[in-house]
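Undergrad: Contents are mmCIF, C-alpha atoms; file name upload_5.cif:
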data_target
loop_
_atom_site.group_PDB
_atom_site.id
_atom_site.type_symbol
_atom_site.label_atom_id
_atom_site.label_comp_id
_atom_site.auth_asym_id
_atom_site.auth_seq_id
_atom_site.Cartn_x
_atom_site.Cartn_y
_atom_site.Cartn_z
ATOM 1 C CA MET A 9 137.013 235.951 40.943
ATOM 2 C CA MET A 10 140.481 234.414 40.734
ATOM 3 C CA THR A 11 143.310 236.935 40.821
ATOM 4 C CA ASP A 12 146.985 236.764 39.961
ATOM 5 C CA LYS A 13 150.109 238.675 40.909
ATOM 6 C CA THR A 14 149.952 241.201 38.063
ATOM 7 C CA PHE A 15 146.246 241.864 38.631
ATOM 8 C CA ASP A 16 146.863 242.675 42.288
ATOM 9 C CA ALA A 17 149.997 244.720 41.502
ATOM 10 C CA VAL A 18 148.132 247.022 39.100
ATOM 11 C CA LEU A 19 145.270 247.650 41.526
ATOM 12 C CA ALA A 20 147.668 248.281 44.419
ATOM 13 C CA GLN A 21 149.632 250.764 42.305
ATOM 14 C CA TYR A 22 146.465 252.570 41.225
ATOM 15 C CA GLU A 23 145.151 252.866 44.766
ATOM 16 C CA GLN A 24 148.484 254.291 45.943
ATOM 17 C CA ASN A 25 148.598 256.910 43.194
ATOM 18 C CA THR A 26 145.019 258.142 43.616
ATOM 19 C CA LYS A 27 145.438 259.043 47.267
ATOM 20 C CA PRO A 28 145.088 262.760 47.980
ATOM 21 C CA PHE A 29 147.803 264.858 48.328
ATOM 22 C CA GLY A 30 168.376 246.702 29.093
ATOM 23 C CA ASP A 31 170.635 245.809 28.455
ATOM 24 C CA GLN A 32 169.742 246.399 24.833
ATOM 25 C CA PRO A 33 172.015 247.868 22.122
ATOM 26 C CA MET A 34 171.652 251.573 21.332
ATOM 27 C CA MET A 35 168.643 252.180 19.091
ATOM 28 C CA SER A 36 168.637 254.202 15.926
ATOM 29 C CA GLN A 37 166.257 257.144 15.702
ATOM 30 C CA GLU A 38 164.220 255.277 13.100
ATOM 31 C CA ASP A 39 163.817 252.242 15.346
ATOM 32 C CA ARG A 40 162.905 254.431 18.313
ATOM 33 C CA MET A 41 160.088 256.025 16.355
ATOM 34 C CA LYS A 42 158.689 252.587 15.533
ATOM 35 C CA ARG A 43 158.741 251.713 19.240
ATOM 36 C CA TYR A 44 156.754 254.793 20.255
ATOM 37 C CA PHE A 45 152.965 254.532 20.450
ATOM 38 C CA ALA A 46 151.162 257.863 20.112
ATOM 39 C CA ALA A 47 147.377 258.042 20.486
ATOM 40 C CA ILE A 48 147.126 261.102 18.252
ATOM 41 C CA LEU A 49 144.879 261.742 15.269
ATOM 42 C CA PRO A 50 146.552 263.097 12.133
ATOM 43 C CA LYS A 51 145.445 266.387 10.663
ATOM 44 C CA GLY A 52 142.178 266.098 8.798
ATOM 45 C CA GLU A 53 140.755 263.329 11.003
ATOM 46 C CA ASN A 54 138.229 264.290 13.681
ATOM 47 C CA SER A 55 137.777 260.857 15.235
ATOM 48 C CA GLY A 56 139.266 257.409 15.137
ATOM 49 C CA GLN A 57 140.219 254.283 17.031
ATOM 50 C CA ARG A 58 143.449 252.647 18.093
ATOM 51 C CA ARG A 59 143.681 249.067 19.312
ATOM 52 C CA ILE A 60 146.439 247.902 21.635
ATOM 53 C CA ARG A 61 147.344 244.930 23.809
ATOM 54 C CA ILE A 62 149.220 245.578 27.044
ATOM 55 C CA LEU A 63 152.067 243.094 27.375
ATOM 56 C CA PRO A 64 152.612 241.026 30.528
ATOM 57 C CA THR A 65 155.658 241.650 32.704
ATOM 58 C CA THR A 66 158.124 238.828 33.244
ATOM 59 C CA ASP A 67 158.086 239.206 37.040
ATOM 60 C CA GLY A 68 154.362 239.690 37.595
ATOM 61 C CA SER A 69 154.744 243.369 38.535
ATOM 62 C CA SER A 70 152.470 246.134 37.274
ATOM 63 C CA PRO A 71 153.006 246.918 33.573
ATOM 64 C CA PHE A 72 152.433 250.630 34.283
ATOM 65 C CA LYS A 73 155.914 251.968 35.055
ATOM 66 C CA GLU A 74 156.003 255.297 36.895
ATOM 67 C CA VAL A 75 158.479 257.815 35.499
ATOM 68 C CA TRP A 76 158.816 261.533 36.242
ATOM 69 C CA PHE A 77 159.367 264.132 33.535
ATOM 70 C CA HIS A 78 159.553 267.904 33.369
ATOM 71 C CA GLU A 79 157.390 269.519 30.699
ATOM 72 C CA ILE A 80 159.180 272.596 29.431
ATOM 73 C CA GLN A 81 158.087 274.744 26.523
ATOM 74 C CA VAL A 82 161.102 275.838 24.515
ATOM 75 C CA ASN A 83 160.633 277.913 21.369
ATOM 76 C CA GLY A 84 156.933 277.055 21.326
ATOM 77 C CA THR A 85 157.406 273.296 21.610
ATOM 78 C CA TYR A 86 156.762 271.173 24.704
ATOM 79 C CA ASN A 87 159.624 268.901 25.670
ATOM 80 C CA LYS A 88 159.374 266.091 28.226
ATOM 81 C CA LEU A 89 162.686 265.859 30.062
ATOM 82 C CA TYR A 90 163.532 262.944 32.348
ATOM 83 C CA ASP A 91 163.901 264.082 35.962
ATOM 84 C CA PRO A 92 167.003 262.575 37.657
ATOM 85 C CA ASP A 93 165.860 263.705 41.115
ATOM 86 C CA LYS A 94 162.426 262.079 41.284
ATOM 87 C CA ASN A 95 163.466 258.962 39.380
ATOM 88 C CA GLU A 96 166.823 258.091 40.870
ATOM 89 C CA GLY A 97 167.783 260.650 43.508
ATOM 90 C CA GLY A 98 170.218 262.497 41.249
ATOM 91 C CA ARG A 99 170.670 266.197 40.619
ATOM 92 C CA SER A 100 167.956 267.979 38.628
ATOM 93 C CA PRO A 101 168.670 271.631 37.698
ATOM 94 C CA LEU A 102 165.030 272.122 36.710
ATOM 95 C CA THR A 103 163.855 270.933 40.128
ATOM 96 C CA GLU A 104 166.361 273.330 41.684
ATOM 97 C CA VAL A 105 164.758 276.201 39.752
ATOM 98 C CA TYR A 106 161.321 275.053 40.904
ATOM 99 C CA GLU A 107 162.380 274.926 44.554
ATOM 100 C CA GLU A 108 164.102 278.328 44.480
ATOM 101 C CA LEU A 109 161.090 280.017 42.896
ATOM 102 C CA MET A 110 158.751 278.473 45.464
ATOM 103 C CA LYS A 111 160.892 279.831 48.305
ATOM 104 C CA THR A 112 160.357 283.507 47.410
ATOM 105 C CA GLY A 113 156.724 283.500 48.484
ATOM 106 C CA LYS A 114 155.758 285.666 45.508
ATOM 107 C CA GLN A 115 152.684 284.547 43.584
ATOM 108 C CA THR A 116 154.326 285.458 40.275
ATOM 109 C CA ASP A 117 157.249 283.161 41.093
ATOM 110 C CA LYS A 118 154.896 280.380 42.170
ATOM 111 C CA ASP A 119 153.100 280.658 38.844
ATOM 112 C CA LEU A 120 156.422 280.503 37.021
ATOM 113 C CA ALA A 121 157.594 277.574 39.172
ATOM 114 C CA ALA A 122 154.765 275.393 37.884
ATOM 115 C CA GLN A 123 156.570 275.151 34.547
ATOM 116 C CA TYR A 124 159.565 273.505 36.215
ATOM 117 C CA LYS A 125 157.748 271.010 38.412
ATOM 118 C CA ALA A 126 158.318 267.333 37.613
ATOM 119 C CA ARG A 127 155.168 265.411 36.681
ATOM 120 C CA LYS A 128 154.389 261.729 37.042
ATOM 121 C CA PHE A 129 153.800 259.707 33.888
ATOM 122 C CA TYR A 130 153.045 256.064 33.226
ATOM 123 C CA ILE A 131 154.820 254.114 30.509
ATOM 124 C CA VAL A 132 153.303 250.812 29.432
ATOM 125 C CA LYS A 133 154.612 248.215 26.993
ATOM 126 C CA VAL A 134 152.095 247.411 24.251
ATOM 127 C CA ILE A 135 151.474 245.823 20.890
ATOM 128 C CA ASP A 136 149.892 248.208 18.386
ATOM 129 C CA ARG A 137 147.370 245.953 16.676
ATOM 130 C CA ASP A 138 147.300 248.247 13.636
ATOM 131 C CA HIS A 139 151.072 247.934 13.219
ATOM 132 C CA GLU A 140 152.096 244.589 14.664
ATOM 133 C CA GLU A 141 155.017 244.512 12.249
ATOM 134 C CA ASP A 142 156.682 247.228 14.352
ATOM 135 C CA GLY A 143 156.876 244.867 17.332
ATOM 136 C CA VAL A 144 156.842 246.041 20.936
ATOM 137 C CA LYS A 145 155.950 249.697 21.528
ATOM 138 C CA PHE A 146 155.729 251.992 24.544
ATOM 139 C CA TRP A 147 152.857 254.300 25.438
ATOM 140 C CA ARG A 148 153.484 257.249 27.769
ATOM 141 C CA PHE A 149 150.638 259.133 29.407
ATOM 142 C CA LYS A 150 150.265 261.456 32.362
ATOM 143 C CA HIS A 151 149.020 260.620 35.849
ATOM 144 C CA ASN A 152 145.837 262.552 36.599
ATOM 145 C CA TYR A 153 145.332 263.629 40.221
ATOM 146 C CA LYS A 154 141.661 264.347 39.488
ATOM 147 C CA GLN A 155 141.246 260.656 38.602
ATOM 148 C CA ASP A 156 140.079 261.539 35.116
ATOM 149 C CA GLY A 157 143.072 260.356 33.121
ATOM 150 C CA ILE A 158 143.881 257.447 30.846
ATOM 151 C CA LEU A 159 144.747 255.019 33.635
ATOM 152 C CA ASP A 160 141.480 255.946 35.339
ATOM 153 C CA LYS A 161 139.674 254.757 32.201
ATOM 154 C CA ILE A 162 141.619 251.471 32.126
ATOM 155 C CA ILE A 163 141.341 250.476 35.790
ATOM 156 C CA PRO A 164 137.539 249.893 35.789
ATOM 157 C CA ILE A 165 138.074 247.405 32.954
ATOM 158 C CA TRP A 166 140.905 245.781 34.913
ATOM 159 C CA ARG A 167 138.717 245.474 37.996
ATOM 160 C CA ALA A 168 135.792 244.022 36.075
ATOM 161 C CA LYS A 169 137.623 241.741 33.650
ATOM 162 C CA GLY A 170 140.810 240.746 35.464
ATOM 163 C CA ASN A 171 144.388 240.767 34.192
ATOM 164 C CA LEU A 172 144.256 242.334 30.740
ATOM 165 C CA THR A 173 147.838 241.259 30.028
ATOM 166 C CA ASP A 174 147.270 237.505 30.275
ATOM 167 C CA PRO A 175 148.826 236.050 27.086
ATOM 168 C CA ASN A 176 146.014 233.524 26.653
ATOM 169 C CA GLU A 177 142.917 235.155 28.133
ATOM 170 C CA GLY A 178 143.755 238.865 28.180
ATOM 171 C CA ARG A 179 141.947 241.537 26.213
ATOM 172 C CA ASP A 180 142.786 244.146 23.608
ATOM 173 C CA LEU A 181 141.903 247.728 24.506
ATOM 174 C CA ILE A 182 140.078 249.925 21.996
ATOM 175 C CA ILE A 183 140.952 253.613 22.361
ATOM 176 C CA GLN A 184 138.395 256.064 21.000
ATOM 177 C CA LEU A 185 140.009 259.322 19.879
ATOM 178 C CA VAL A 186 138.333 262.650 19.103
ATOM 179 C CA LYS A 187 139.557 266.087 18.094
ATOM 180 C CA SER A 188 138.983 268.839 20.638
ATOM 181 C CA LYS A 189 139.965 272.509 20.836
ATOM 182 C CA THR A 190 141.681 274.651 23.428
ATOM 183 C CA PRO A 191 140.072 277.963 24.498
ATOM 184 C CA LYS A 192 142.361 279.628 21.950
ATOM 185 C CA GLY A 193 141.103 277.372 19.168
ATOM 186 C CA LYS A 194 144.074 275.030 18.809
ATOM 187 C CA GLU A 195 143.100 271.472 17.921
ATOM 188 C CA TYR A 196 144.352 268.507 19.916
ATOM 189 C CA THR A 197 143.531 264.822 20.293
ATOM 190 C CA SER A 198 141.744 263.621 23.406
ATOM 191 C CA ILE A 199 140.904 260.088 24.477
ATOM 192 C CA GLN A 200 137.135 259.929 24.758
ATOM 193 C CA THR A 201 136.762 256.364 25.984
ATOM 194 C CA VAL A 202 138.716 253.152 26.462
ATOM 195 C CA MET A 203 136.764 249.986 25.632
ATOM 196 C CA TYR A 204 137.720 246.318 25.667
ATOM 197 C CA ASP A 205 137.448 243.390 23.287
ATOM 198 C CA ASP A 206 136.615 239.751 24.025
ATOM 199 C CA PRO A 207 139.286 237.553 25.664
ATOM 200 C CA SER A 208 141.890 236.400 23.172
ATOM 201 C CA LYS A 209 145.438 235.155 22.840
ATOM 202 C CA LEU A 210 148.201 237.692 22.557
ATOM 203 C CA SER A 211 149.052 235.954 19.281
ATOM 204 C CA GLU A 212 147.941 232.782 17.537
ATOM 205 C CA ASP A 213 151.501 232.375 16.300
ATOM 206 C CA ALA A 214 153.438 230.620 19.063
ATOM 207 C CA GLU A 215 156.799 231.969 17.879
ATOM 208 C CA GLN A 216 155.539 235.536 17.704
ATOM 209 C CA LEU A 217 153.829 235.231 21.091
ATOM 210 C CA ASP A 218 157.070 234.062 22.661
ATOM 211 C CA SER A 219 159.021 236.871 20.973
ATOM 212 C CA TRP A 220 156.675 239.570 22.268
ATOM 213 C CA LYS A 221 156.512 238.132 25.794
ATOM 214 C CA ASN A 222 160.290 237.861 26.105
ATOM 215 C CA ASP A 223 161.279 241.078 24.360
ATOM 216 C CA LEU A 224 163.952 242.714 26.551
ATOM 217 C CA THR A 225 163.402 246.272 25.360
ATOM 218 C CA THR A 226 162.546 248.667 28.183
ATOM 219 C CA TRP A 227 161.117 252.176 28.159
ATOM 220 C CA ALA A 228 164.617 253.483 28.948
ATOM 221 C CA ASP A 229 165.776 252.199 25.549
ATOM 222 C CA VAL A 230 163.124 254.319 23.829
ATOM 223 C CA TYR A 231 162.843 257.507 25.909
ATOM 224 C CA SER A 232 166.115 259.360 26.125
ATOM 225 C CA LYS A 233 167.637 260.766 29.298
ATOM 226 C CA LYS A 234 169.270 264.109 28.677
ATOM 227 C CA PRO A 235 172.551 264.885 30.484
ATOM 228 C CA VAL A 236 172.584 267.239 33.477
ATOM 229 C CA GLU A 237 174.360 269.851 31.330
ATOM 230 C CA TYR A 238 171.365 269.822 28.978
ATOM 231 C CA LEU A 239 168.970 270.434 31.880
ATOM 232 C CA GLU A 240 171.218 273.220 33.180
ATOM 233 C CA ALA A 241 171.110 274.934 29.790
ATOM 234 C CA ILE A 242 167.302 274.781 29.735
ATOM 235 C CA ALA A 243 167.208 276.182 33.277
ATOM 236 C CA ARG A 244 169.389 279.108 32.110
ATOM 237 C CA GLY A 245 167.003 279.805 29.224
ATOM 238 C CA GLU A 246 169.228 278.399 26.480
ATOM 239 C CA VAL A 247 168.419 276.079 23.585
ATOM 240 C CA PRO A 248 170.697 273.024 23.515
ATOM 241 C CA ARG A 249 171.642 272.033 19.976
ATOM 242 C CA TRP A 250 173.048 268.697 18.815
ATOM 243 C CA ASP A 251 176.299 269.100 16.892
ATOM 244 C CA SER A 252 176.694 266.168 14.506
ATOM 245 C CA GLU A 253 180.421 266.771 13.991
ATOM 246 C CA SER A 254 181.433 266.771 17.645
ATOM 247 C CA LYS A 255 178.602 264.333 18.523
ATOM 248 C CA LYS A 256 177.535 266.311 21.565
ATOM 249 C CA TYR A 257 175.159 269.073 22.623
ATOM 250 C CA VAL A 258 176.304 272.674 22.349
ATOM 251 C CA TYR A 259 174.734 275.454 24.356
ATOM 252 C CA GLY A 260 174.398 279.205 24.396
ATOM 253 C CA GLU A 261 171.489 280.082 22.093
ATOM 254 C CA THR A 262 168.754 281.938 24.001
ATOM 255 C CA ALA A 263 165.404 280.184 24.222
ATOM 256 C CA ASP A 264 161.879 281.533 24.544
ATOM 257 C CA ILE A 265 161.863 280.824 28.280
ATOM 258 C CA SER A 266 163.030 282.977 31.168
ATOM 259 C CA LEU A 267 163.510 282.805 34.917
ATOM 260 C CA GLY A 268 163.177 285.037 37.956
ATOM 261 C CA GLY A 269 161.182 288.205 37.566
ATOM 262 C CA ALA A 270 161.581 288.472 33.810
ATOM 263 C CA LYS A 271 158.525 288.876 31.649
ATOM 264 C CA GLN A 272 156.905 285.517 30.962
ATOM 265 C CA GLU A 273 153.880 284.738 28.840
ATOM 266 C CA THR A 274 151.213 283.042 30.928
ATOM 267 C CA PRO A 275 150.755 279.468 29.652
ATOM 268 C CA THR A 276 147.340 278.390 28.392
ATOM 269 C CA PRO A 277 145.645 276.466 31.253
ATOM 270 C CA VAL A 278 145.310 273.264 29.233
ATOM 271 C CA ASP A 279 147.048 269.953 29.839
ATOM 272 C CA PRO A 280 150.207 270.121 27.685
ATOM 273 C CA GLN A 281 149.897 266.420 26.970
ATOM 274 C CA ALA A 282 146.519 267.032 25.368
ATOM 275 C CA ASN A 283 147.366 269.781 22.899
ATOM 276 C CA GLU A 284 150.619 268.424 21.561
ATOM 277 C CA GLU A 285 151.176 267.437 17.987
ATOM 278 C CA PRO A 286 153.266 264.261 17.469
ATOM 279 C CA ALA A 287 156.471 266.182 16.817
ATOM 280 C CA GLU A 288 156.161 267.848 20.225
ATOM 281 C CA ASP A 289 156.278 264.621 22.182
ATOM 282 C CA LEU A 290 159.022 262.568 20.606
ATOM 283 C CA PRO A 291 160.807 259.950 22.690
ATOM 284 C CA PHE A 292 164.196 261.659 22.407
#
Output the file's structure as structure tokens, nothing else.

TA:
Amino acid sequence: MMTDKTFDAVLAQYEQNTKPFGDQPMMSQEDRMKRYFAAILPKGENSGQRRIRILPTTDGSSPFKEVWFHEIQVNGTYNKLYDPDKNEGGRSPLTEVYEELMKTGKQTDKDLAAQYKARKFYIVKVIDRDHEEDGVKFWRFKHNYKQDGILDKIIPIWRAKGNLTDPNEGRDLIIQLVKSKTPKGKEYTSIQTVMYDDPSKLSEDAEQLDSWKNDLTTWADVYSKKPVEYLEAIARGEVPRWDSESKKYVYGETADISLGGAKQETPTPVDPQANEEPAEDLPF
């Protein structure tokens, strides 16, 4: 089978990550929400499908960008916070908390440290076939070290059918969603299967095809990076609050998280990405 640069790049990236252990103008909140693809069923729906097309990269690299985030539960809501350390070698107060807790050797601290560990995610640029009018979107999902995640469902299709992003002969992906429940009875959306459609053009409209292919928006335009001061406040157990008058975050309000030997509710052993509602995984 003939291969191309993107095809090889995706397979090489996948193999590496399954080994054992814009210059764009500032976006409004409304526009950001349109650029965010969430494979989540609304309340009242127990199953459903979403259809997407992964867009090709301009340089032939893998479309699955690797980005590290911390998942911190503050006041009952999971927040994904960009990790400056893993992503760009900068300072990460949450990673500092993780490392200090791991040094104590206490099992209770190790259990607590897990909440502050940065996790690898993939972000891929897609067209939401159900809402093409929204233009380019970005889909974020977690890397799964057990090889049972979303990318693990896509790669077999990639291997069998070639470069899914080809603008002329690529394929749409059909995502089958179902409602599941945590041991405590909370409902969440899980991806049951990922299927593929027949080969097709990205768009039959030449102008639209060119617009989608050459769109300069990157994931960094959609997913916000919080300042170090924000991460420090979270590490101290505070709740940062945006002040619209001063146009900056203010700190000091105590959050429902704690450090050290303080009493801490044991988190439910379920993937936080799975049991989130849409409001708990916003791109900013």

Undergrad: Please compute the CA of Tyr196 in chain A-CA of Tyr238 in chain A distance, one decimal, in Å.

TA: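 So the two atoms, CA of Tyr196 in chain A and CA of Tyr238 in chain A, lie 28.5 Å apart.
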
Undergrad: With all atoms listed in the file as the atoms that count, which of A:Asn83, A:Gln123, A:Gln37, A:Gln184 lies nearest to Arg59 in chain A?

TA: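 Going through A:Asn83, A:Gln123, A:Gln37, A:Gln184 one by one, the smallest distance to Arg59 in chain A is for A:Gln184.
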
Undergrad: Name every residue that the PyMOL selection byres ((chain A and resi 77) around 8) selects in this structure, writing the answer as a ChimeraX atom specification with chains first and numbers rising.

TA: /A:75-76,78-79,88-91,126-129

Undergrad: Given the file shown, enumerate the residues that the PyMOL selection byres ((chain A and resi 138) around 10) captures and present them as an MDAnalysis selection string.

TA: chainID A and resid 57:60 135:137 139:142

Undergrad: Could the centre and edge lengths of an axis-aligned box, enclosing all atoms of range 12-25 of chain A in the file with 8 Å extra on each side, be given in Å to one decimal as AutoDock Vina command-line options?

TA:
--center_x 147.6 --center_y 246.8 --center_z 42.0 --size_x 21.0 --size_y 36.1 --size_z 23.9

Undergrad: Would you mind exporting range 168-212 of chain A with C-alpha atoms, as a compact mmCIF listing (two decimals), in the first residue's frame?

TA:
# COMPACT_ATOMS: atom_id res chain seq x y z
CA ALA A 168 -6.07 -0.39 7.30
CA LYS A 169 -7.32 2.53 5.21
CA GLY A 170 -4.35 4.89 4.96
CA ASN A 171 -4.23 8.64 5.54
CA LEU A 172 -7.68 9.61 6.78
CA THR A 173 -6.88 13.31 6.32
CA ASP A 174 -6.33 13.22 2.56
CA PRO A 175 -8.50 16.06 1.17
CA ASN A 176 -9.56 14.01 -1.86
CA GLU A 177 -9.55 10.39 -0.71
CA GLY A 178 -9.73 10.62 3.08
CA ARG A 179 -12.57 9.34 5.22
CA ASP A 180 -15.03 10.74 7.72
CA LEU A 181 -15.04 9.09 11.14
CA ILE A 182 -18.32 8.07 12.76
CA ILE A 183 -18.19 8.21 16.57
CA GLN A 184 -20.72 6.05 18.39
CA LEU A 185 -21.63 7.50 21.79
CA VAL A 186 -23.42 5.80 24.69
CA LYS A 187 -24.39 6.82 28.20
CA SER A 188 -22.65 4.94 30.99
CA LYS A 189 -22.63 5.25 34.79
CA THR A 190 -19.92 5.53 37.40
CA PRO A 191 -19.99 3.19 40.44
CA LYS A 192 -21.74 6.02 42.29
CA GLY A 193 -24.44 6.24 39.63
CA LYS A 194 -23.36 9.42 37.85
CA GLU A 195 -24.03 9.37 34.11
CA TYR A 196 -21.32 10.17 31.59
CA THR A 197 -20.75 9.79 27.86
CA SER A 198 -18.36 7.14 26.60
CA ILE A 199 -17.17 6.46 23.07
CA GLN A 200 -18.26 2.93 22.25
CA THR A 201 -16.76 2.62 18.78
CA VAL A 202 -15.16 4.67 16.03
CA MET A 203 -16.18 3.64 12.50
CA TYR A 204 -15.28 5.02 9.09
CA ASP A 205 -17.16 6.09 5.98
CA ASP A 206 -16.27 5.55 2.32
CA PRO A 207 -13.48 7.68 0.78
CA SER A 208 -14.67 11.17 -0.07
CA LYS A 209 -13.51 14.71 -0.66
CA LEU A 210 -13.13 16.99 2.31
CA SER A 211 -15.59 19.26 0.50
CA GLU A 212 -17.15 19.35 -2.95
